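Trainee: The structure follows.
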Amino acid sequence: MPKHSVPAVTAAAALACLAAFGPVPAGAAPGAPQPAGQPGRAAARFVPGACPEPPEPIEALSTARCGYLEVPENRSGPGGRTIELAVARIPALSAKPAADPVVFMAGGPGADTFDDIPFLIGSGLNRDRELIVMAQRGNLYDRPNLACPEVDRFNEQSVGLGYDARQAKQLYLKAVKECRDRLTADGTDLSAYNSTENAADFADLRTALAIPQWNVYGYSYGSNLALTYLRLHPEGIRAVAIDSVAPSQFVTLPWTWGSTSEGIRNIFAACAAQPACKDRYPDLPGLLTEQVRKLEAHPLTLNVTPGDAEDGKDGKDGGKPVRTVLDGGALLNLIVAFTPRPKDMPAALAELADGNPERFAQARAAGSVQKTGVFAHGLTNSIACSEWAPGYTESDVLKAGQKAYPGWPETVLAQPPQLPFQYPVCGVWEVPDRAEIQRVPTFSSVPALVVAGTFDVKTGASWAKDVARNLSRSTFVQIPGIGHWVVPQSPCAQSVLASFLARPTAPDTGCVDGVEPQPFTIVPK
């Protein structure tokens, strides 16, 4: 994602996948939660309160109205406890805003929703409308918060281990178990943290705030959630915009390989279309395969001073060097995490082949510095283990990897990108199978905007087209040369989204034809 550093071993924002189930009529799926307010169940309510105070102040919160949405933790059974979800209402910049706000659904699952606010403001989401942000259940600033400091501490260690090493697996599973044991000892019902309940929370939020109609914008996992919300709770939705789409009917662990390979192919094809890039890097697919094989057979162990992989700092401005292991699995997953950025990837691979691993090593070492307790790994595991993992096995992940990259080492292909050891993790996490409930396509006539970036190696652009076909009044936009979470990175996408919110059935997409990938970085031979 544009602003999140992805941990070295566990994902800080993963989604993905493959198997489709047959169409199901719109309306409540089996096992869908009942609306709040039914007899024997307390209605959801919004309680005004102070805004969160992030370590790095967010200017927009200074004028926001905040509070908590109180909802049942588990709507499927009466008498359970109530949880609190942090909400911020950010005013429109316009003196005469539209009556229908925009509600935002963040990626992850488990990412800090409030951390996305500056990107939303910078993209113009509150220019003409109020912007409503709610932390999905279990996220930072919620009660409970399903953060796993145990996993964060492991991630700091993991840069010094092989990506798929036995020791890494053992330490990771130990951290996951410690987190699970702590959360369940506090009374958390891990089975209640799923997309169906998430969607019901947003439906309850609209009702609690007495908003007749609003617009929905979600990216990455938030697109999956937005589709679930549209399918189960269509009332009151004026329009839906989804960005970097993870279709609910396809999200499984094996799909990560197809999505990753699509994005990488598109990056390499864009390089081949630029004469200078093609001349300097004539065989990028072969170069990537060569380096993955080489590093997996002979990993590099380096002492690297952590810098900021997002802004390209080299780490020479202070800090202690950390032991950093760069193997084939780590290389592939750094690419999936956009570290380095796509425009620098060919140069980084060429430098690596010439004996200079600095770009990748620096990005790997950056994982040794974690924001402990911020990312809700518990929400990630509850959703991944109940919705993405069931119905497939580790061998299915390997087969999908072999289809995407024939000849790559099995040790690399055995792990779904960004979600290593997820099947063993699910054996520890122990939540019920919800695949049949969640893997359902959404059919709707609500106006929709579907946005994809050709360089997206997390949620491949082609999958967004399948979603658009099921939304009868949808506009599909594909932005060349942009990766995961398109809108904040593309002025054109921002313009299209603004036009869509103003005229949902007739947005102006004219700028798209003029967009080209930016020139790739060329390093001397």
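Every chain in the structure tokens takes a letter, A first, then B, and so on in the order presented; its residues are numbered from 1, and the ligands are numbered from 1 following the presented order.
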Just want the 6 Å neighbourhood of Gln478 of chain A, counted on only C-alpha atoms, with same-chain residues fewer than 5 positions away dropped. Output as a list in words.

Mentor: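 With the cut-off at 6 Å, the set is Val451, Ala452 and Gly453 of chain A.
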
Trainee: Could the residues in this selection be written to a file with all heavy atoms, as an mmCIF file, in the first residue's frame?

Mentor:
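Below is the file that was written, result-v4.cif:
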data_model
loop_
_atom_site.group_PDB
_atom_site.id
_atom_site.type_symbol
_atom_site.label_atom_id
_atom_site.label_comp_id
_atom_site.auth_asym_id
_atom_site.auth_seq_id
_atom_site.Cartn_x
_atom_site.Cartn_y
_atom_site.Cartn_z
ATOM 1 N N VAL A 451 -12.346 0.572 -9.778
ATOM 2 C CA VAL A 451 -11.048 1.142 -10.142
ATOM 3 C C VAL A 451 -9.946 0.111 -9.931
ATOM 4 O O VAL A 451 -9.885 -0.545 -8.883
ATOM 5 C CB VAL A 451 -10.742 2.392 -9.298
ATOM 6 C CG1 VAL A 451 -9.412 3.008 -9.715
ATOM 7 C CG2 VAL A 451 -11.866 3.421 -9.430
ATOM 8 N N ALA A 452 -9.070 -0.020 -10.928
ATOM 9 C CA ALA A 452 -7.947 -0.955 -10.828
ATOM 10 C C ALA A 452 -6.689 -0.289 -11.352
ATOM 11 O O ALA A 452 -6.744 0.604 -12.211
ATOM 12 C CB ALA A 452 -8.237 -2.228 -11.617
ATOM 13 N N GLY A 453 -5.532 -0.736 -10.855
ATOM 14 C CA GLY A 453 -4.239 -0.263 -11.341
ATOM 15 C C GLY A 453 -3.488 -1.408 -11.987
ATOM 16 O O GLY A 453 -3.448 -2.515 -11.449
#

Trainee: Run DSSP on the backbone and give me the residues of segment 81-280 of chain A it puts in strand (DSSP E), as a VMD selection string.

Mentor: chain A and resid 82 to 90 102 to 105 131 to 134 214 to 220 237 to 245

Trainee: Taking 3 positions as the minimum chain separation for residues in the same chain, which residues sit within 7 Å of Cys492 of chain A when counting only C-alpha atoms? Answer as a list of chain:residue names.

Mentor: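 Listing them by chain and then by number gives A:Ser495, A:Val496, A:Cys511, A:Val512.
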
Trainee: With N, CA, C and O atoms retained, write the just-selected residues as a CSV table (one decimal), in the first residue's frame.

Mentor:
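Dumped to selection-v4.csv:
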chain,number,residue,atom,x,y,z
A,495,SER,N,-9.9,12.5,-10.0
A,495,SER,CA,-10.9,13.2,-10.9
A,495,SER,C,-12.1,12.4,-11.2
A,495,SER,O,-13.2,12.8,-11.2
A,496,VAL,N,-11.8,11.1,-11.6
A,496,VAL,CA,-12.9,10.2,-11.9
A,496,VAL,C,-13.8,9.9,-10.7
A,496,VAL,O,-15.0,9.9,-10.8
A,511,CYS,N,-9.9,11.4,-18.7
A,511,CYS,CA,-8.5,11.6,-18.4
A,511,CYS,C,-7.7,10.2,-18.5
A,511,CYS,O,-6.5,10.2,-18.7
A,512,VAL,N,-8.4,9.1,-18.4
A,512,VAL,CA,-7.7,7.8,-18.4
A,512,VAL,C,-6.9,7.6,-19.7
A,512,VAL,O,-5.8,7.0,-19.6

Trainee: Going by DSSP on the backbone, which bits of segment 227-448 of chain A are alpha helix (DSSP H)? Write them as a short mmCIF file (atom, residue, chain, number, x, y, z; two decimals) with N, CA and C atoms, in the first residue's frame, please.

Mentor:
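After the write, selection23.cif holds the following:
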data_model
loop_
_atom_site.label_atom_id
_atom_site.label_comp_id
_atom_site.auth_asym_id
_atom_site.auth_seq_id
_atom_site.Cartn_x
_atom_site.Cartn_y
_atom_site.Cartn_z
N LEU A 227 -18.50 -4.78 -1.04
CA LEU A 227 -19.35 -5.68 -1.82
C LEU A 227 -20.25 -6.52 -0.91
N THR A 228 -19.70 -6.96 0.21
CA THR A 228 -20.51 -7.70 1.18
C THR A 228 -21.61 -6.81 1.74
N TYR A 229 -21.26 -5.59 2.06
CA TYR A 229 -22.23 -4.63 2.59
C TYR A 229 -23.33 -4.36 1.56
N LEU A 230 -22.95 -4.15 0.32
CA LEU A 230 -23.93 -3.90 -0.75
C LEU A 230 -24.87 -5.08 -0.93
N ARG A 231 -24.33 -6.29 -0.79
CA ARG A 231 -25.15 -7.49 -0.98
C ARG A 231 -26.13 -7.70 0.18
N LEU A 232 -25.67 -7.46 1.41
CA LEU A 232 -26.49 -7.77 2.58
C LEU A 232 -27.33 -6.59 3.07
N TRP A 255 -5.30 -17.78 -4.67
CA TRP A 255 -5.41 -16.71 -5.65
C TRP A 255 -4.28 -15.69 -5.55
N THR A 256 -3.66 -15.61 -4.42
CA THR A 256 -2.59 -14.64 -4.27
C THR A 256 -1.53 -14.80 -5.35
N TRP A 257 -1.28 -16.03 -5.76
CA TRP A 257 -0.23 -16.25 -6.76
C TRP A 257 -0.63 -15.72 -8.13
N GLY A 258 -1.86 -15.97 -8.54
CA GLY A 258 -2.30 -15.47 -9.84
C GLY A 258 -2.34 -13.95 -9.87
N SER A 259 -2.77 -13.35 -8.77
CA SER A 259 -2.85 -11.90 -8.71
C SER A 259 -1.45 -11.28 -8.72
N THR A 260 -0.55 -11.87 -7.96
CA THR A 260 0.83 -11.37 -7.93
C THR A 260 1.50 -11.47 -9.29
N SER A 261 1.35 -12.61 -9.94
CA SER A 261 2.01 -12.79 -11.23
C SER A 261 1.44 -11.86 -12.28
N GLU A 262 0.14 -11.56 -12.21
CA GLU A 262 -0.45 -10.62 -13.17
C GLU A 262 0.17 -9.23 -13.04
N GLY A 263 0.27 -8.76 -11.80
CA GLY A 263 0.84 -7.43 -11.60
C GLY A 263 2.29 -7.35 -12.03
N ILE A 264 3.07 -8.37 -11.71
CA ILE A 264 4.49 -8.37 -12.09
C ILE A 264 4.63 -8.42 -13.61
N ARG A 265 3.80 -9.24 -14.28
CA ARG A 265 3.83 -9.28 -15.75
C ARG A 265 3.56 -7.90 -16.34
N ASN A 266 2.58 -7.20 -15.76
CA ASN A 266 2.24 -5.88 -16.28
C ASN A 266 3.38 -4.88 -16.09
N ILE A 267 4.08 -4.97 -14.96
CA ILE A 267 5.22 -4.08 -14.74
C ILE A 267 6.31 -4.36 -15.76
N PHE A 268 6.60 -5.64 -15.96
CA PHE A 268 7.65 -6.00 -16.92
C PHE A 268 7.25 -5.62 -18.35
N ALA A 269 5.96 -5.78 -18.68
CA ALA A 269 5.49 -5.41 -20.02
C ALA A 269 5.59 -3.91 -20.23
N ALA A 270 5.33 -3.14 -19.21
CA ALA A 270 5.44 -1.68 -19.32
C ALA A 270 6.89 -1.27 -19.55
N CYS A 271 7.83 -1.96 -18.89
CA CYS A 271 9.25 -1.70 -19.14
C CYS A 271 9.60 -2.02 -20.58
N ALA A 272 9.12 -3.15 -21.08
CA ALA A 272 9.42 -3.55 -22.46
C ALA A 272 8.85 -2.56 -23.47
N PRO A 275 11.50 2.09 -24.77
CA PRO A 275 12.76 1.66 -25.42
C PRO A 275 13.98 1.67 -24.50
N ALA A 276 14.14 2.69 -23.68
CA ALA A 276 15.32 2.75 -22.81
C ALA A 276 15.29 1.63 -21.79
N CYS A 277 14.11 1.34 -21.26
CA CYS A 277 13.98 0.27 -20.27
C CYS A 277 14.20 -1.09 -20.92
N LYS A 278 13.61 -1.27 -22.09
CA LYS A 278 13.77 -2.55 -22.79
C LYS A 278 15.22 -2.81 -23.15
N ASP A 279 15.93 -1.75 -23.56
CA ASP A 279 17.33 -1.91 -23.95
C ASP A 279 18.20 -2.26 -22.74
N ARG A 280 17.91 -1.62 -21.59
CA ARG A 280 18.75 -1.86 -20.40
C ARG A 280 18.40 -3.14 -19.69
N LEU A 284 13.47 -9.22 -18.10
CA LEU A 284 13.15 -9.11 -16.68
C LEU A 284 12.53 -10.39 -16.11
N PRO A 285 11.63 -11.09 -16.84
CA PRO A 285 11.13 -12.35 -16.28
C PRO A 285 12.25 -13.33 -15.98
N GLY A 286 13.19 -13.45 -16.91
CA GLY A 286 14.32 -14.35 -16.69
C GLY A 286 15.20 -13.90 -15.55
N LEU A 287 15.38 -12.58 -15.44
CA LEU A 287 16.21 -12.03 -14.37
C LEU A 287 15.59 -12.29 -13.00
N LEU A 288 14.28 -12.10 -12.88
CA LEU A 288 13.61 -12.36 -11.61
C LEU A 288 13.72 -13.83 -11.23
N THR A 289 13.46 -14.72 -12.18
CA THR A 289 13.56 -16.15 -11.90
C THR A 289 14.97 -16.52 -11.46
N GLU A 290 15.96 -15.98 -12.15
CA GLU A 290 17.36 -16.26 -11.82
C GLU A 290 17.67 -15.83 -10.39
N GLN A 291 17.24 -14.65 -10.01
CA GLN A 291 17.57 -14.13 -8.68
C GLN A 291 16.79 -14.84 -7.58
N VAL A 292 15.53 -15.20 -7.83
CA VAL A 292 14.78 -15.96 -6.84
C VAL A 292 15.45 -17.31 -6.59
N ARG A 293 15.81 -18.00 -7.66
CA ARG A 293 16.47 -19.29 -7.51
C ARG A 293 17.81 -19.16 -6.79
N LYS A 294 18.59 -18.17 -7.20
CA LYS A 294 19.92 -17.98 -6.63
C LYS A 294 19.85 -17.68 -5.14
N LEU A 295 18.96 -16.75 -4.76
CA LEU A 295 18.87 -16.37 -3.35
C LEU A 295 18.25 -17.47 -2.50
N GLU A 296 17.36 -18.24 -3.06
CA GLU A 296 16.77 -19.33 -2.28
C GLU A 296 17.80 -20.42 -2.03
N ALA A 297 18.68 -20.64 -3.01
CA ALA A 297 19.73 -21.65 -2.84
C ALA A 297 20.87 -21.13 -1.95
N GLY A 328 14.99 -16.12 -1.52
CA GLY A 328 14.05 -16.01 -2.64
C GLY A 328 12.66 -15.59 -2.21
N GLY A 329 12.18 -16.15 -1.10
CA GLY A 329 10.86 -15.78 -0.61
C GLY A 329 10.80 -14.33 -0.18
N ALA A 330 11.84 -13.87 0.49
CA ALA A 330 11.88 -12.47 0.91
C ALA A 330 11.90 -11.54 -0.30
N LEU A 331 12.66 -11.90 -1.33
CA LEU A 331 12.73 -11.07 -2.53
C LEU A 331 11.35 -10.92 -3.16
N LEU A 332 10.67 -12.02 -3.36
CA LEU A 332 9.35 -11.97 -3.98
C LEU A 332 8.39 -11.14 -3.15
N ASN A 333 8.40 -11.31 -1.85
CA ASN A 333 7.45 -10.60 -1.00
C ASN A 333 7.78 -9.13 -0.84
N LEU A 334 9.02 -8.74 -0.99
CA LEU A 334 9.35 -7.32 -1.03
C LEU A 334 8.76 -6.68 -2.28
N ILE A 335 8.80 -7.39 -3.38
CA ILE A 335 8.19 -6.88 -4.61
C ILE A 335 6.69 -6.72 -4.44
N VAL A 336 6.05 -7.69 -3.81
CA VAL A 336 4.60 -7.61 -3.58
C VAL A 336 4.27 -6.44 -2.66
N MET A 345 11.90 -1.21 -9.70
CA MET A 345 12.10 -2.64 -9.59
C MET A 345 13.10 -3.19 -10.62
N PRO A 346 13.01 -2.84 -11.91
CA PRO A 346 14.01 -3.36 -12.85
C PRO A 346 15.43 -2.99 -12.45
N ALA A 347 15.62 -1.74 -12.02
CA ALA A 347 16.97 -1.32 -11.61
C ALA A 347 17.43 -2.10 -10.40
N ALA A 348 16.54 -2.32 -9.45
CA ALA A 348 16.92 -3.06 -8.24
C ALA A 348 17.31 -4.49 -8.58
N LEU A 349 16.57 -5.12 -9.50
CA LEU A 349 16.91 -6.49 -9.91
C LEU A 349 18.25 -6.53 -10.64
N ALA A 350 18.48 -5.55 -11.50
CA ALA A 350 19.76 -5.51 -12.23
C ALA A 350 20.92 -5.31 -11.27
N GLU A 351 20.76 -4.41 -10.30
CA GLU A 351 21.81 -4.18 -9.31
C GLU A 351 22.05 -5.45 -8.48
N LEU A 352 20.97 -6.12 -8.13
CA LEU A 352 21.10 -7.36 -7.37
C LEU A 352 21.92 -8.38 -8.15
N ALA A 353 21.63 -8.51 -9.43
CA ALA A 353 22.36 -9.46 -10.28
C ALA A 353 23.84 -9.09 -10.40
N GLU A 358 21.57 -3.62 -2.27
CA GLU A 358 21.23 -2.59 -1.30
C GLU A 358 19.74 -2.23 -1.28
N ARG A 359 19.12 -2.07 -2.45
CA ARG A 359 17.72 -1.65 -2.45
C ARG A 359 16.83 -2.67 -1.74
N PHE A 360 17.00 -3.93 -2.08
CA PHE A 360 16.17 -4.97 -1.46
C PHE A 360 16.56 -5.19 0.00
N ALA A 361 17.86 -5.17 0.27
CA ALA A 361 18.30 -5.38 1.66
C ALA A 361 17.79 -4.27 2.56
N GLN A 362 17.81 -3.04 2.06
CA GLN A 362 17.33 -1.91 2.86
C GLN A 362 15.84 -2.06 3.16
N ALA A 363 15.09 -2.47 2.14
CA ALA A 363 13.65 -2.67 2.33
C ALA A 363 13.38 -3.80 3.31
N ARG A 364 14.15 -4.85 3.24
CA ARG A 364 13.99 -5.99 4.16
C ARG A 364 14.32 -5.55 5.59
N ALA A 365 15.40 -4.82 5.75
CA ALA A 365 15.81 -4.40 7.09
C ALA A 365 14.80 -3.44 7.72
N HIS A 377 -3.58 -7.76 13.89
CA HIS A 377 -3.33 -9.08 13.31
C HIS A 377 -4.45 -10.06 13.69
N GLY A 378 -5.10 -9.83 14.82
CA GLY A 378 -6.19 -10.71 15.22
C GLY A 378 -7.34 -10.66 14.25
N LEU A 379 -7.67 -9.48 13.75
CA LEU A 379 -8.73 -9.36 12.75
C LEU A 379 -8.30 -10.02 11.44
N THR A 380 -7.04 -9.81 11.05
CA THR A 380 -6.53 -10.47 9.85
C THR A 380 -6.72 -11.98 9.94
N ASN A 381 -6.31 -12.57 11.05
CA ASN A 381 -6.39 -14.03 11.17
C ASN A 381 -7.82 -14.53 11.27
N SER A 382 -8.68 -13.81 11.96
CA SER A 382 -10.07 -14.25 12.05
C SER A 382 -10.73 -14.28 10.68
N ILE A 383 -10.44 -13.29 9.84
CA ILE A 383 -11.03 -13.26 8.50
C ILE A 383 -10.32 -14.23 7.56
N GLU A 394 -2.49 -26.47 1.74
CA GLU A 394 -1.17 -25.97 1.39
C GLU A 394 -0.73 -26.47 0.02
N SER A 395 -1.14 -27.68 -0.34
CA SER A 395 -0.77 -28.19 -1.67
C SER A 395 -1.46 -27.40 -2.77
N ASP A 396 -2.65 -26.87 -2.52
CA ASP A 396 -3.33 -26.04 -3.51
C ASP A 396 -2.59 -24.72 -3.71
N VAL A 397 -2.05 -24.18 -2.62
CA VAL A 397 -1.24 -22.96 -2.73
C VAL A 397 -0.01 -23.23 -3.59
N LEU A 398 0.64 -24.36 -3.33
CA LEU A 398 1.84 -24.72 -4.10
C LEU A 398 1.51 -24.89 -5.58
N LYS A 399 0.39 -25.56 -5.88
CA LYS A 399 0.01 -25.75 -7.28
C LYS A 399 -0.25 -24.42 -7.98
N ALA A 400 -0.91 -23.52 -7.27
CA ALA A 400 -1.17 -22.19 -7.84
C ALA A 400 0.14 -21.45 -8.09
N GLY A 401 1.09 -21.59 -7.16
CA GLY A 401 2.39 -20.96 -7.33
C GLY A 401 3.14 -21.55 -8.51
N GLN A 402 3.08 -22.87 -8.66
CA GLN A 402 3.77 -23.53 -9.77
C GLN A 402 3.16 -23.15 -11.12
N LYS A 403 1.85 -22.92 -11.13
CA LYS A 403 1.20 -22.47 -12.36
C LYS A 403 1.66 -21.07 -12.74
N ALA A 404 1.82 -20.22 -11.72
CA ALA A 404 2.25 -18.84 -11.97
C ALA A 404 3.72 -18.76 -12.34
N GLU A 410 10.16 -24.81 -4.77
CA GLU A 410 8.92 -25.10 -4.04
C GLU A 410 8.87 -24.39 -2.70
N THR A 411 10.04 -24.16 -2.09
CA THR A 411 10.05 -23.49 -0.79
C THR A 411 9.52 -22.06 -0.89
N VAL A 412 9.67 -21.45 -2.06
CA VAL A 412 9.12 -20.11 -2.27
C VAL A 412 7.63 -20.19 -2.59
N LEU A 413 7.28 -21.13 -3.45
CA LEU A 413 5.90 -21.22 -3.95
C LEU A 413 4.93 -21.81 -2.94
N GLN A 422 0.11 -19.50 6.68
CA GLN A 422 -1.25 -19.16 7.08
C GLN A 422 -2.07 -20.38 7.46
N TYR A 423 -1.86 -21.51 6.80
CA TYR A 423 -2.63 -22.70 7.19
C TYR A 423 -2.26 -23.19 8.59
N PRO A 424 -0.97 -23.29 8.93
CA PRO A 424 -0.65 -23.60 10.33
C PRO A 424 -1.18 -22.55 11.30
N VAL A 425 -1.14 -21.30 10.91
CA VAL A 425 -1.70 -20.24 11.76
C VAL A 425 -3.18 -20.49 12.02
N CYS A 426 -3.91 -20.87 10.98
CA CYS A 426 -5.34 -21.12 11.15
C CYS A 426 -5.59 -22.31 12.05
N GLY A 427 -4.67 -23.27 12.07
CA GLY A 427 -4.78 -24.38 13.01
C GLY A 427 -4.67 -23.92 14.45
N VAL A 428 -3.95 -22.84 14.66
CA VAL A 428 -3.81 -22.26 16.00
C VAL A 428 -4.99 -21.34 16.32
N TRP A 429 -5.44 -20.58 15.33
CA TRP A 429 -6.43 -19.52 15.56
C TRP A 429 -7.83 -20.09 15.83
N ALA A 435 -16.67 -19.87 4.62
CA ALA A 435 -16.45 -19.71 3.19
C ALA A 435 -17.76 -19.68 2.40
N GLU A 436 -18.68 -20.58 2.71
CA GLU A 436 -19.92 -20.65 1.94
C GLU A 436 -20.76 -19.40 2.13
N ILE A 437 -20.66 -18.79 3.31
CA ILE A 437 -21.40 -17.57 3.59
C ILE A 437 -20.78 -16.38 2.86
N GLN A 438 -19.45 -16.34 2.80
CA GLN A 438 -18.76 -15.15 2.30
C GLN A 438 -18.43 -15.19 0.82
#

Trainee: Of the candidates A:Arg153, A:Lys458, A:Lys169, A:Arg129, which one gets nearest to Val216 of chain A if we count only C-alpha atoms?

Mentor: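 Among A:Arg153, A:Lys458, A:Lys169, A:Arg129, it is A:Arg129 that comes nearest to Val216 of chain A.
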
Trainee: In terms of the shortest atom-to-atom distance over only C-alpha atoms, which of A:Thr339, A:Ser368, A:Ser244, A:Thr305 is closest to Thr454 of chain A?

Mentor: A:Ser244

Trainee: Env of segment 206-214 of chain A: 10 Å cut, atoms = only C-alpha atoms, seq-sep filter 4 positions within chain, self excluded. Answer as a list in words.

Mentor: Ala36, Ala43, Ala44, Arg45, Phe46, Val47, Leu69, Glu70, Ala99, Asp100, Pro101, Val102, Val103, Arg129, Glu130, Leu131, Ile132, Asp201, Phe202, Glu235, Gly236, Ile237, Arg238, Ala239 and Val240 of chain A

Trainee: Could you take the residues named above and write them with C-alpha atoms, as an mmCIF file, in the first residue's frame?

Mentor:
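Output file part_15.cif is given in full below:
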data_model
loop_
_atom_site.group_PDB
_atom_site.id
_atom_site.type_symbol
_atom_site.label_atom_id
_atom_site.label_comp_id
_atom_site.auth_asym_id
_atom_site.auth_seq_id
_atom_site.Cartn_x
_atom_site.Cartn_y
_atom_site.Cartn_z
ATOM 1 C CA ALA A 36 -29.779 -4.607 15.614
ATOM 2 C CA ALA A 43 -29.970 -1.625 19.298
ATOM 3 C CA ALA A 44 -26.699 -0.166 18.076
ATOM 4 C CA ARG A 45 -26.107 3.404 19.174
ATOM 5 C CA PHE A 46 -23.621 6.170 18.526
ATOM 6 C CA VAL A 47 -22.036 7.771 21.581
ATOM 7 C CA LEU A 69 -20.579 3.049 17.678
ATOM 8 C CA GLU A 70 -21.745 0.501 20.235
ATOM 9 C CA ALA A 99 -26.456 15.920 1.657
ATOM 10 C CA ASP A 100 -25.080 12.412 1.139
ATOM 11 C CA PRO A 101 -21.744 11.750 2.907
ATOM 12 C CA VAL A 102 -18.999 9.324 1.912
ATOM 13 C CA VAL A 103 -18.248 6.454 4.282
ATOM 14 C CA ARG A 129 -19.210 15.861 1.141
ATOM 15 C CA GLU A 130 -18.759 14.935 4.743
ATOM 16 C CA LEU A 131 -16.313 12.040 5.117
ATOM 17 C CA ILE A 132 -17.158 9.370 7.690
ATOM 18 C CA ASP A 201 -21.619 -2.582 11.719
ATOM 19 C CA PHE A 202 -21.675 -0.132 8.819
ATOM 20 C CA GLU A 235 -30.741 0.110 1.694
ATOM 21 C CA GLY A 236 -29.511 3.688 1.953
ATOM 22 C CA ILE A 237 -26.589 3.255 -0.474
ATOM 23 C CA ARG A 238 -26.559 5.956 -3.165
ATOM 24 C CA ALA A 239 -23.352 4.797 -4.906
ATOM 25 C CA VAL A 240 -20.371 2.496 -4.322
#

Trainee: Figure out the distance between atom CA of Val440 of chain A and atom CA of Asn74 of chain A, please, to one decimal in Å.

Mentor: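 Rounded to one decimal, the two atoms are 21.2 Å apart.
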
Trainee: Which residue is closest to Ser76 of chain A? Choose from A:Ala147, A:Val446, A:Cys51, A:Ala192 and count only C-alpha atoms.

Mentor: A:Ala192

Trainee: Write out as a PyMOL selection string the residues lying within 12 Å of Glu150 of chain A, counting only C-alpha atoms and excluding same-chain residues fewer than 4 positions away.

Mentor: chain A and resi 10+146+154-157+171-183+370-378

Trainee: Kindly indicate which residue among A:Lys465, A:His233, A:Arg473, A:Arg127 lies nearest to Leu205 of chain A, using only C-alpha atoms for the distances.

Mentor: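 Among the listed residues, A:His233 lies closest to Leu205 of chain A.
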
Trainee: Given only C-alpha atoms as the basis, pick out the residue of A:Pro417, A:Gly79, A:Pro488, A:Gly367 nearest to Asp152 of chain A.

Mentor: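 Closest residue, counting only C-alpha atoms: A:Gly367.
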